Structures are given as C-alpha cells and as structure tokens.
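Data block below; observations after.
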Amino acid sequence: MTTVSFGELKKGMRARIAESPEPKDEVLRLQEMGLIPGTEFKVVKIAPLGDPIEIDLRGYRLCLRKQEMTGFEVEILD
Amino acid sequence: MKSKSSTSSFQKRVALVGNPNAGKTTLFNALTGSKQKIANYPGVTVEQVSALLESDGVLAEFIDVPGLYSLDAVSEDEAVAVNVIHDQSVDLIVCVIDGSNLERNLFIYTQICALKKPIMVALTMVDRVESKGEKVDISKLSKLLGCRVVPIVGHKEKGMAVLKEAIFQELKNPTIPGPVIDRTEAILPLKDRLNRMGFDLSVEELKAKIQEGEPAFEHYFDQFPELRPDFLLAKEGLERHLDPSARYGWTSKVQKDVVSLIKKPLRAVSTTDRLDLILTHRVFGLAIFVCVMYLVFLSIYTFSQPAMDLIQNGFSALGKTLGGALGGSPILKSLVVDGIVGGIGSVLVFLPQILVLFFFIALLEGTGYLARAAFLMDRLLGWCGLNGRAFIPLLSSFACAIPGIMAARVMPDAKSRLATILVAPLMSCSARLPVYMLLIGAFIEPRFGPFWAGFTLFAMHFLGFALAIPVVFFINRKILKGKRLPFLLELPPYQVPKWKDIVIAMMTRGKVFVTTAGTTILIMSVIIWAAGYFPRYNVPPETKPEVAAQLQLEHSILGTFGKGIEPVFKPLGFDWRISTAILSAFPARETVVPSLGILFSLGNDDEKRDEKLTKTLSEATWPDGKPLFTAWTAVGLMVFFALCAQCFSTLATVRRETNSRKWPWIMFGYMTVFAYIGALIVRGLAVLFGGA
C-alpha cells in the first residue's frame, strides 16, 4: 500500500485516510470532524489559488488547508 | 446559579446548541424575532444573544449558543459556549441538528447526551433531505437518541409554533436521555473481580478511579497482581469512549438506520454544484468575486453617501435652530451646537455605512456566497495568519474602519478576528480623503502635475495596506500566541436568503453601535469640544471673527497642549498649528481641515475655505520666516494621517468589539508609532534630497 500526503491529491480523486499524526489538539479537531483513519472521501474541488481543498466525507463537505493536513497520509483509491 | 431578576424563580433557561451552519441562528431568529438582547460574555469577544419568550405563564430565556462542532473545546471562544451548556441553570438544551448531515451533526449529540440534562432535538434542513430524495424516520431517530425530535419544516410560522410548543412542554416534563455510547460493560470484568476480592465499588466510583490512573490501583496490585490485565482492559475501554472514532461509529450507524432513499433525486448534479462550477472557477469565479466585492465596496462608499449627507445636513440644521434659540448664552449654545448635536451627528453618520455593509454581509452569508469568497481568497490571506473571510472587513475599512471592524465578526475564531480588527484602521478610510485632497491640491498638483497627484493619492492608500501584512504576521506570531486550530470551512448549499435574518443582522449591528460605541464617541466629542472652548480668551474688541476664533483655539486647552507637544512634532516638520489640528481631529479625521482653517485665521464657515486654505498653507511660515509647508511636509503629514489611529470612533468601536480596554490602547500605540516613524522617514528623505 502506497500512501501520499494530502496535498498531492487531485480534483475528483477518491481516497482513504491511512494514517493520522500524533493526536494533538489540532489533530483532535480534525478527527472530531470525521477525519479518522479508514474514512473514505472524495476531492470535490481545489480553490483557484491551489488551497484550500474541499472534500466530501461522511455525507458532508469540508474545506481544509493542505498545510494544516500535514502528517495525514492518504491512500488513493481511484 | 439563577439570574438575579425578580422573576428568576419562575424563569427557565433554554440553550440552543448546534454545529455552525446547522441553521441555528435562523431558527433562533424565527423563534424570537425582534425580542433579542445582546450582551458580551465577560472577558472574551463572544457575544451572547438571548431573548425572553413566554407561553402558558412560563417565562423562558432562550440563549443562542455560538456554533460548536464538539464539547471538547480547545479555543478560548469555544470554551465560553461550552460553559453555557455545562451551566447548572440551563433547564433545557435544544440540540439543533442538520437533518441533511446527520452523521457529523450527531457527533456533538453523543457528548451532550452524556451530561444528564434535559435535552430535545430540533431537526433542521428537512426540505434539503427531501430534495435529495431521502427521508428521515423521525420516530426511529427519537428512539435511538432517547429524546424528543421535532422536525422543522421550512421556517414558516407553523413550524415555529410547533417547535415552541414542544420546547415549553419539555420544560414542564423534561426528558433526560442517557449516554448513547455506553462503555460501562468495559469495566464490568474489573468490577466483578474487585467484588469477589471484597471491594464493593459502584460503577461511578470505579470509573472515577480508573480515570485517576494506575497509582489509584497501586495498593490493589500489590495485593492482587492478577488485577492488572483487567484494569488495563477497563481503562482502554473507557478511553475509547472519548475517542472520536467510537462516536462516529455510532453516528454513522444511526445515519444508516434512520435515513432511507425513497426516490431518485431529480438531478444527478445538484444546483449548488452547477453554480459552484462557475462561482469557484479559476477564471470566472475570481472575476465574479472581484465584481461582487466591488459592488459591496461601491455601496458602502457611495450608496450610503446620500443618507450620510442627510444626517450631516440635518444635524447642522438642527444645530443652527437650537443655536438660534440658545443665542442668549454663548457657552450653552456652543456646548449644544458644537458639542452635543455635533457629537450625536458624528455617531449617527456612521449608521448608513454600517447598515449597508451588514445588509451585504447578511445577504452574502445567507445565500452561501460568503463561504465561497473565503474559499477563493484563503490562499491569499491565510499565509499571514488570517483567513479568506478577512477580505470583507479589510475591504470595507477602505470606506470606513468602523463598519470594517464590526464586519470582522464574519471571522469565526477569536484570534484571526482580533488580528483583522487591529489592522483594519491601517486601510485608508474615506475620512482621510479630504486631508489628502487638500494637501495634494496645495503642494503636489501645482508643482508636479496630475500624474504625481494621482500617484500620491494611490500611494497613501497602498501604504497602510502594505504595512498591514507584516503587522498581521507579527501579531499572529508574537502577540496572539497559543494554539491555532485548523481552519475549517464549509461551503453550504446555495439558498434564497431569509429576509428576516438580514433585517435582524442589520438592526442588531446598528443598535449595538449606537448604544455602546456611540456613547463613548458622544462623550469624547463633548470633551474635545470643551478642550477647544475653554479657557475663554479675552479677545480684544473689534477683532475680526476669524482672528478671534484663531486666538480662542490657540489659547484653549487644546491649543496649549498642541503647543506643548510641538517639540515632539517638530522633527517631523510640523508646527503647533498642525499638531493642534491633528489633536482636534480626534472626533473625526476630516475635522483636521476645518481646524486648520481656524488655526490659520480663515474661520470655519467660509464656502471657499479650501481654496483659501490651499493658498494660506503654502504661504505659512515658521517664526523664523522659513516656509512651514513644502511638498515634503505635505507628504509627511499625509503619511502621518494615513498611519495614525487618530479617530476615537474607531477606538470606541474596537473597545466594544474586543470587549477590552487593552486592544484600543495597543492599536493607538502601534499606529501612532508607525505614523511618527513614517513621517520621520519622509522628513529624513527631505533633508537628504535637500527639500527641507
């Protein structure tokens, strides 16, 4: 299984969270939003200036900054 | 702790809790309408919005708790919201849950239901669920949650009446649901084993002990080492309770159980997605964004101008009428006309801009476009510690910092909001324009032509903006230390805005400004009036009125103070007349122009004042005969004005919006230092290039 960082995702890709970084408060907040290892999501859109990225997960959509997703490893599904 | 009012023993408290974007504020507005009261939570910038409602002789205070994703609050402003939920005096928690996004919205419910408090659920966005071709099984959901669930159909009167009735019924017969994720079974083996060893601990006692950790069990382990594996299992089981994945496990199961697809949605791609293809497009999206922002800016800048003129003219007419009536007493006349009426006028003159801006903000927020604007701009503003939403307050500040600072409310987190507020007045507002126009007209245009005149005007507007970026960066790195949470942004589906929400947002902001910041502005206006009016100077008879006015101001407290600080301003090339004019401009920046008029013996009321002032200023000299104003002095004064916080309406608004005395002082301090250094640099250049 090869994993990539969140910032390498392209529009329309489906992926699964493989690994989340050390649970600090910042990461806990993201986990509370549903970004838990095993969660599948789809990249809906990427802002014109390259950041943030909107993903579709758990039946809702959320925009995240690449830099704040540092440490999350994702596995590309298709 | 109940509130201390006399009705307290009968008064109930109802807290509306939910995720941001769950439709909580719309619901609150629809329930309470115009009865809302706004207060500040002590010590933080978070506002508490509440309203009293009555039904069947029961009086209940409804509290709109700021949106929360989780009760494990980490930021300071979220902690305030969480405290309201934990408050013993809350008799009922109404969980506002977005029915179209159950899995995520129920996350906070898994935390709230463990509080052992009366709870009910208001399920919003039911129409959105239906448009997806889905259906929520309300009775099943109610059973799984263990409390009453009221679906809100539309925001019509009828839906609200049903909800209100349900809330008051729950106040009479509350339902207290238990925790939905029960991990008690995890500790039962340990409990049994302890029991057999003769220690009879209740489930609660044992849970508390396990949370204390290993040391609490040390003496058991000494006697019975075989307890250890059971302890570790129980501990792990309990901790998993706090783990988000356990909560999501439950919420996704509920989602699957209660939501069913009843028919295929009409469109495969939703209207929102179609619109977003254009509105967040690389080219069209950015172009539309620029147009929308231009329209907003144009509106605060120009559309509100007629109303502002009306207010200004109205108040000057009122002043004249009152002045005529009070002609017998010059002090009273001047106090009423220049102090009080002028002061009230200078408060109300901000209202049109505030109302226009908040109309647009509520409109953009209500339609869902504001979130897109933030999405588009985040990269541009995010790197220095702000986020995409800061665009609106910063842009508005070019018209006026007061609505701009109030608009910083669109920033959801306290830190980036404060950083935005602190740099907003660096944007060159329209009140600085008369100062630029006067000085450019007098010293730049005649000598260097229209190109450099235009360039100077642009440079003055650019200067503050260019400085704001490093300031924000510094503020975020050095001053607002501490945890920075990830920026979360949701792009809600586009919708037709609710006019009621827009009207309430406009009225609320207008009222808050007039009643809080307005009071301070009025008091300061009277103080500055008094400083210019007293002590009275005995003008020799037959003095021309313009000269008399100049002598009076020169010998007043303000003039004396202006002379006193002349040495401070002298390195910048400003004499006492300029420093006095700067001081007198505290109530409103544009006042510096009439003040200069008075100080250069031109009087105040003359129609051709600006023209004459231009001439007089270029002829003014230092006592030794050197010209006071060169092009360099003019640029120095403009730079000073572009950067200083010489506007106490702004400071009063910062005081209100940050709920603190500290931040207005910090703002005044850093901007004054910037202004001084900026003007000093200009002076240095003047000396270098021989212009002084």
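Residue names in the structure tokens use chain letters A, B, ... in the order shown, residue numbers from 1 in each chain, and ligand numbers from 1 in the order shown.
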Discussion item. Set the cut-off to 12 Å and count only C-alpha atoms: what are the residues of chain A that reach chain B? Output as a ChimeraX atom specification.
Written reply: /A:23-39,44-70
Take the residues that were just selected and, keeping N, CA and C atoms, output them as a short mmCIF file (atom, residue, chain, number, x, y, z; two decimals), in the first residue's frame.
```
data_model
loop_
_atom_site.label_atom_id
_atom_site.label_comp_id
_atom_site.auth_asym_id
_atom_site.auth_seq_id
_atom_site.Cartn_x
_atom_site.Cartn_y
_atom_site.Cartn_z
N PRO A 23 -1.96 12.61 18.05
CA PRO A 23 -3.15 13.38 18.41
C PRO A 23 -2.87 14.57 19.33
N LYS A 24 -2.62 15.71 18.74
CA LYS A 24 -2.58 16.97 19.48
C LYS A 24 -3.96 17.60 19.33
N ASP A 25 -4.14 18.78 19.92
CA ASP A 25 -5.45 19.44 19.84
C ASP A 25 -5.87 19.70 18.40
N GLU A 26 -4.91 20.14 17.57
CA GLU A 26 -5.22 20.46 16.18
C GLU A 26 -5.73 19.22 15.46
N VAL A 27 -5.06 18.09 15.75
CA VAL A 27 -5.45 16.86 15.08
C VAL A 27 -6.76 16.34 15.64
N LEU A 28 -6.94 16.49 16.94
CA LEU A 28 -8.19 16.05 17.56
C LEU A 28 -9.36 16.75 16.89
N ARG A 29 -9.19 18.06 16.64
CA ARG A 29 -10.27 18.80 16.00
C ARG A 29 -10.61 18.20 14.63
N LEU A 30 -9.58 17.83 13.88
CA LEU A 30 -9.83 17.23 12.57
C LEU A 30 -10.48 15.86 12.71
N GLN A 31 -10.08 15.12 13.75
CA GLN A 31 -10.71 13.81 13.98
C GLN A 31 -12.18 13.99 14.36
N GLU A 32 -12.44 15.04 15.14
CA GLU A 32 -13.83 15.31 15.51
C GLU A 32 -14.68 15.65 14.29
N MET A 33 -14.02 16.14 13.24
CA MET A 33 -14.74 16.44 12.01
C MET A 33 -14.91 15.18 11.16
N GLY A 34 -14.40 14.09 11.65
CA GLY A 34 -14.60 12.81 10.96
C GLY A 34 -13.39 12.31 10.19
N LEU A 35 -12.26 13.00 10.30
CA LEU A 35 -11.06 12.57 9.57
C LEU A 35 -10.30 11.54 10.39
N ILE A 36 -10.83 10.31 10.35
CA ILE A 36 -10.29 9.24 11.16
C ILE A 36 -9.72 8.18 10.21
N PRO A 37 -8.60 7.55 10.57
CA PRO A 37 -8.08 6.51 9.69
C PRO A 37 -9.19 5.54 9.26
N GLY A 38 -9.22 5.25 7.99
CA GLY A 38 -10.27 4.37 7.46
C GLY A 38 -11.37 5.14 6.75
N THR A 39 -11.48 6.44 7.04
CA THR A 39 -12.54 7.24 6.43
C THR A 39 -12.24 7.47 4.94
N VAL A 44 -13.59 17.18 -3.94
CA VAL A 44 -14.64 17.83 -4.72
C VAL A 44 -14.06 18.96 -5.56
N LYS A 45 -13.36 19.86 -4.89
CA LYS A 45 -12.71 20.91 -5.66
C LYS A 45 -11.50 21.46 -4.93
N ILE A 46 -10.68 22.12 -5.72
CA ILE A 46 -9.49 22.76 -5.18
C ILE A 46 -9.61 24.24 -5.53
N ALA A 47 -9.37 25.11 -4.55
CA ALA A 47 -9.54 26.55 -4.79
C ALA A 47 -8.61 27.02 -5.92
N PRO A 48 -9.04 28.06 -6.65
CA PRO A 48 -8.25 28.53 -7.80
C PRO A 48 -6.79 28.82 -7.46
N LEU A 49 -6.54 29.25 -6.22
CA LEU A 49 -5.15 29.56 -5.87
C LEU A 49 -4.43 28.35 -5.28
N GLY A 50 -5.04 27.16 -5.40
CA GLY A 50 -4.35 25.93 -5.01
C GLY A 50 -4.68 25.42 -3.62
N ASP A 51 -5.27 26.23 -2.81
CA ASP A 51 -5.59 25.88 -1.44
C ASP A 51 -6.76 26.75 -1.04
N PRO A 52 -7.68 26.36 -0.22
CA PRO A 52 -7.87 25.02 0.37
C PRO A 52 -8.48 24.00 -0.60
N ILE A 53 -8.67 22.80 -0.08
CA ILE A 53 -9.23 21.70 -0.85
C ILE A 53 -10.55 21.30 -0.22
N GLU A 54 -11.59 21.15 -1.05
CA GLU A 54 -12.87 20.72 -0.50
C GLU A 54 -13.02 19.22 -0.70
N ILE A 55 -13.34 18.52 0.38
CA ILE A 55 -13.55 17.08 0.27
C ILE A 55 -14.97 16.72 0.71
N ASP A 56 -15.42 15.58 0.21
CA ASP A 56 -16.73 15.06 0.56
C ASP A 56 -16.48 13.84 1.44
N LEU A 57 -16.92 13.91 2.70
CA LEU A 57 -16.74 12.77 3.60
C LEU A 57 -17.96 12.64 4.48
N ARG A 58 -18.27 11.44 4.86
CA ARG A 58 -19.37 11.17 5.79
C ARG A 58 -20.64 11.95 5.42
N GLY A 59 -20.92 12.08 4.14
CA GLY A 59 -22.15 12.72 3.71
C GLY A 59 -22.14 14.23 3.85
N TYR A 60 -20.99 14.84 4.09
CA TYR A 60 -20.95 16.29 4.10
C TYR A 60 -19.63 16.75 3.48
N ARG A 61 -19.49 18.06 3.32
CA ARG A 61 -18.30 18.59 2.68
C ARG A 61 -17.55 19.54 3.59
N LEU A 62 -16.24 19.50 3.47
CA LEU A 62 -15.40 20.30 4.33
C LEU A 62 -14.19 20.78 3.54
N CYS A 63 -13.80 22.05 3.76
CA CYS A 63 -12.60 22.57 3.11
C CYS A 63 -11.45 22.56 4.10
N LEU A 64 -10.31 22.13 3.64
CA LEU A 64 -9.14 22.02 4.51
C LEU A 64 -7.93 22.62 3.81
N ARG A 65 -7.02 23.16 4.63
CA ARG A 65 -5.78 23.67 4.06
C ARG A 65 -4.76 22.55 4.01
N LYS A 66 -4.02 22.52 2.90
CA LYS A 66 -3.00 21.48 2.74
C LYS A 66 -2.04 21.46 3.92
N GLN A 67 -1.59 22.65 4.26
CA GLN A 67 -0.54 22.74 5.28
C GLN A 67 -1.04 22.22 6.64
N GLU A 68 -2.33 22.45 6.91
CA GLU A 68 -2.85 22.00 8.20
C GLU A 68 -3.16 20.51 8.21
N MET A 69 -3.05 19.89 7.05
CA MET A 69 -3.25 18.45 6.95
C MET A 69 -1.91 17.71 6.96
N THR A 70 -0.85 18.43 7.27
CA THR A 70 0.47 17.81 7.32
C THR A 70 0.43 16.65 8.32
#
```
Practice prompt. Please give the complete set of residues from chain A that DSSP, run on the backbone, assigns to strand (DSSP E or B), formatted as a VMD selection string.
Written response: chain A and resid 4 to 5 14 to 19 40 to 46 53 to 57 60 to 64 73 to 76
Can I get the selected residues back with C-alpha atoms, as an mmCIF file, in the first residue's frame?
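Saved result, out-v5.cif, follows:
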```cif
data_model
loop_
_atom_site.group_PDB
_atom_site.id
_atom_site.type_symbol
_atom_site.label_atom_id
_atom_site.label_comp_id
_atom_site.auth_asym_id
_atom_site.auth_seq_id
_atom_site.Cartn_x
_atom_site.Cartn_y
_atom_site.Cartn_z
ATOM 1 C CA VAL A 4 0.663 10.055 -0.295
ATOM 2 C CA SER A 5 0.278 13.311 1.585
ATOM 3 C CA ARG A 14 -11.231 9.187 -4.129
ATOM 4 C CA ALA A 15 -9.026 8.355 -1.204
ATOM 5 C CA ARG A 16 -8.950 6.849 2.230
ATOM 6 C CA ILE A 17 -7.228 8.207 5.314
ATOM 7 C CA ALA A 18 -4.468 5.782 6.156
ATOM 8 C CA GLU A 19 -2.684 7.439 8.978
ATOM 9 C CA GLU A 40 -13.059 7.428 2.675
ATOM 10 C CA PHE A 41 -13.522 10.741 0.926
ATOM 11 C CA LYS A 42 -13.580 12.379 -2.474
ATOM 12 C CA VAL A 43 -11.817 15.557 -3.553
ATOM 13 C CA VAL A 44 -14.642 17.827 -4.721
ATOM 14 C CA LYS A 45 -12.713 20.915 -5.662
ATOM 15 C CA ILE A 46 -9.490 22.762 -5.178
ATOM 16 C CA ILE A 53 -9.227 21.698 -0.853
ATOM 17 C CA GLU A 54 -12.868 20.719 -0.496
ATOM 18 C CA ILE A 55 -13.550 17.078 0.266
ATOM 19 C CA ASP A 56 -16.732 15.061 0.565
ATOM 20 C CA LEU A 57 -16.737 12.773 3.595
ATOM 21 C CA TYR A 60 -20.945 16.292 4.102
ATOM 22 C CA ARG A 61 -18.298 18.592 2.680
ATOM 23 C CA LEU A 62 -15.396 20.295 4.332
ATOM 24 C CA CYS A 63 -12.599 22.573 3.110
ATOM 25 C CA LEU A 64 -9.135 22.016 4.507
ATOM 26 C CA GLU A 73 -1.289 10.064 5.000
ATOM 27 C CA VAL A 74 -3.888 9.041 2.463
ATOM 28 C CA GLU A 75 -4.275 6.083 0.191
ATOM 29 C CA ILE A 76 -5.598 6.833 -3.290
#
```
Discussion item. Calculated over only C-alpha atoms, which of the candidates B:Ile582, B:Ala30, B:Ile565, B:Val635 has the smallest distance to Ala442 (chain B)?
Written reply: B:Val635
What lies within 8 Å of region 160-173 of chain B using only C-alpha atoms, ignoring chain neighbours under 2 positions off, as a short mmCIF file (atom, residue, chain, number, x, y, z; two decimals) with C-alpha atoms, in the first residue's frame?
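Okay, this is what ended up in out.cif:
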```
data_model
loop_
_atom_site.label_atom_id
_atom_site.label_comp_id
_atom_site.auth_asym_id
_atom_site.auth_seq_id
_atom_site.Cartn_x
_atom_site.Cartn_y
_atom_site.Cartn_z
CA LYS B 12 -36.47 28.92 32.78
CA ALA B 30 -37.59 32.76 13.61
CA LEU B 31 -38.41 31.80 17.21
CA SER B 55 -46.07 30.56 26.99
CA VAL B 58 -43.94 30.10 31.85
CA ASP B 91 -33.19 23.84 32.15
CA LEU B 92 -33.30 22.51 28.62
CA VAL B 94 -32.26 22.20 22.35
CA PRO B 118 -32.94 17.63 29.79
CA MET B 120 -34.54 17.72 22.90
CA ALA B 122 -34.76 20.29 16.57
CA VAL B 150 -39.06 17.92 16.29
CA ILE B 152 -38.59 21.86 11.35
CA HIS B 155 -39.14 28.47 8.56
CA LYS B 156 -42.79 29.18 8.38
CA GLU B 157 -44.84 30.40 11.30
CA LYS B 158 -46.40 27.00 11.68
CA THR B 175 -36.62 14.10 29.09
#
```
Item to complete: Apply DSSP to the backbone of this structure and, from region 170-389 of chain B, keep only the residues in helix (DSSP H, G or I); write these as a PyMOL selection string.
Response: chain B and resi 170-172+184-196+203-212+214-223+227-242+244-258+271-279+284-303+305-325+330-348+351-367+369-382+388-389
Practice prompt. Rounded to one decimal place, report the CA of Leu457 (chain B)-CA of Gly345 (chain B) distance in Å.
Written response: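 Here the two named atoms are 28.1 Å from each other.
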Practice prompt. Give me the residues within 9 Å of Leu572 (chain B) as a list in words, counting only C-alpha atoms and dropping any in the same chain fewer than 6 places off.
Written response: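 Returned residues: Thr633, Gly636, Leu637, Tyr676, Ile677, Ala679, Leu680, Ile681, Val682, Arg683 and Gly684 of chain B.
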Worksheet entry | All residues 8 Å or closer to Thr580 (chain B), only C-alpha atoms, same chain fewer than 5 positions away omitted, as a ChimeraX atom specification | /B:558-559,561-563
Take the residues just selected and output them with C-alpha atoms as an mmCIF file, in the first residue's frame.
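Now in again_33.cif:
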```cif
data_model
loop_
_atom_site.group_PDB
_atom_site.id
_atom_site.type_symbol
_atom_site.label_atom_id
_atom_site.label_comp_id
_atom_site.auth_asym_id
_atom_site.auth_seq_id
_atom_site.Cartn_x
_atom_site.Cartn_y
_atom_site.Cartn_z
ATOM 1 C CA LEU B 558 -6.247 72.040 23.051
ATOM 2 C CA GLY B 559 -4.061 74.833 21.682
ATOM 3 C CA PHE B 561 -1.487 71.174 24.580
ATOM 4 C CA GLY B 562 -0.745 71.439 20.856
ATOM 5 C CA LYS B 563 1.957 73.999 21.612
#
```
Worksheet item: Nearest to Asp338 (chain B) among B:Trp529, B:Met507, B:Pro664, B:Ile361, with distances taken over only C-alpha atoms: which residue is it?
Response: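 So, comparing all the options, the nearest one is B:Trp529.
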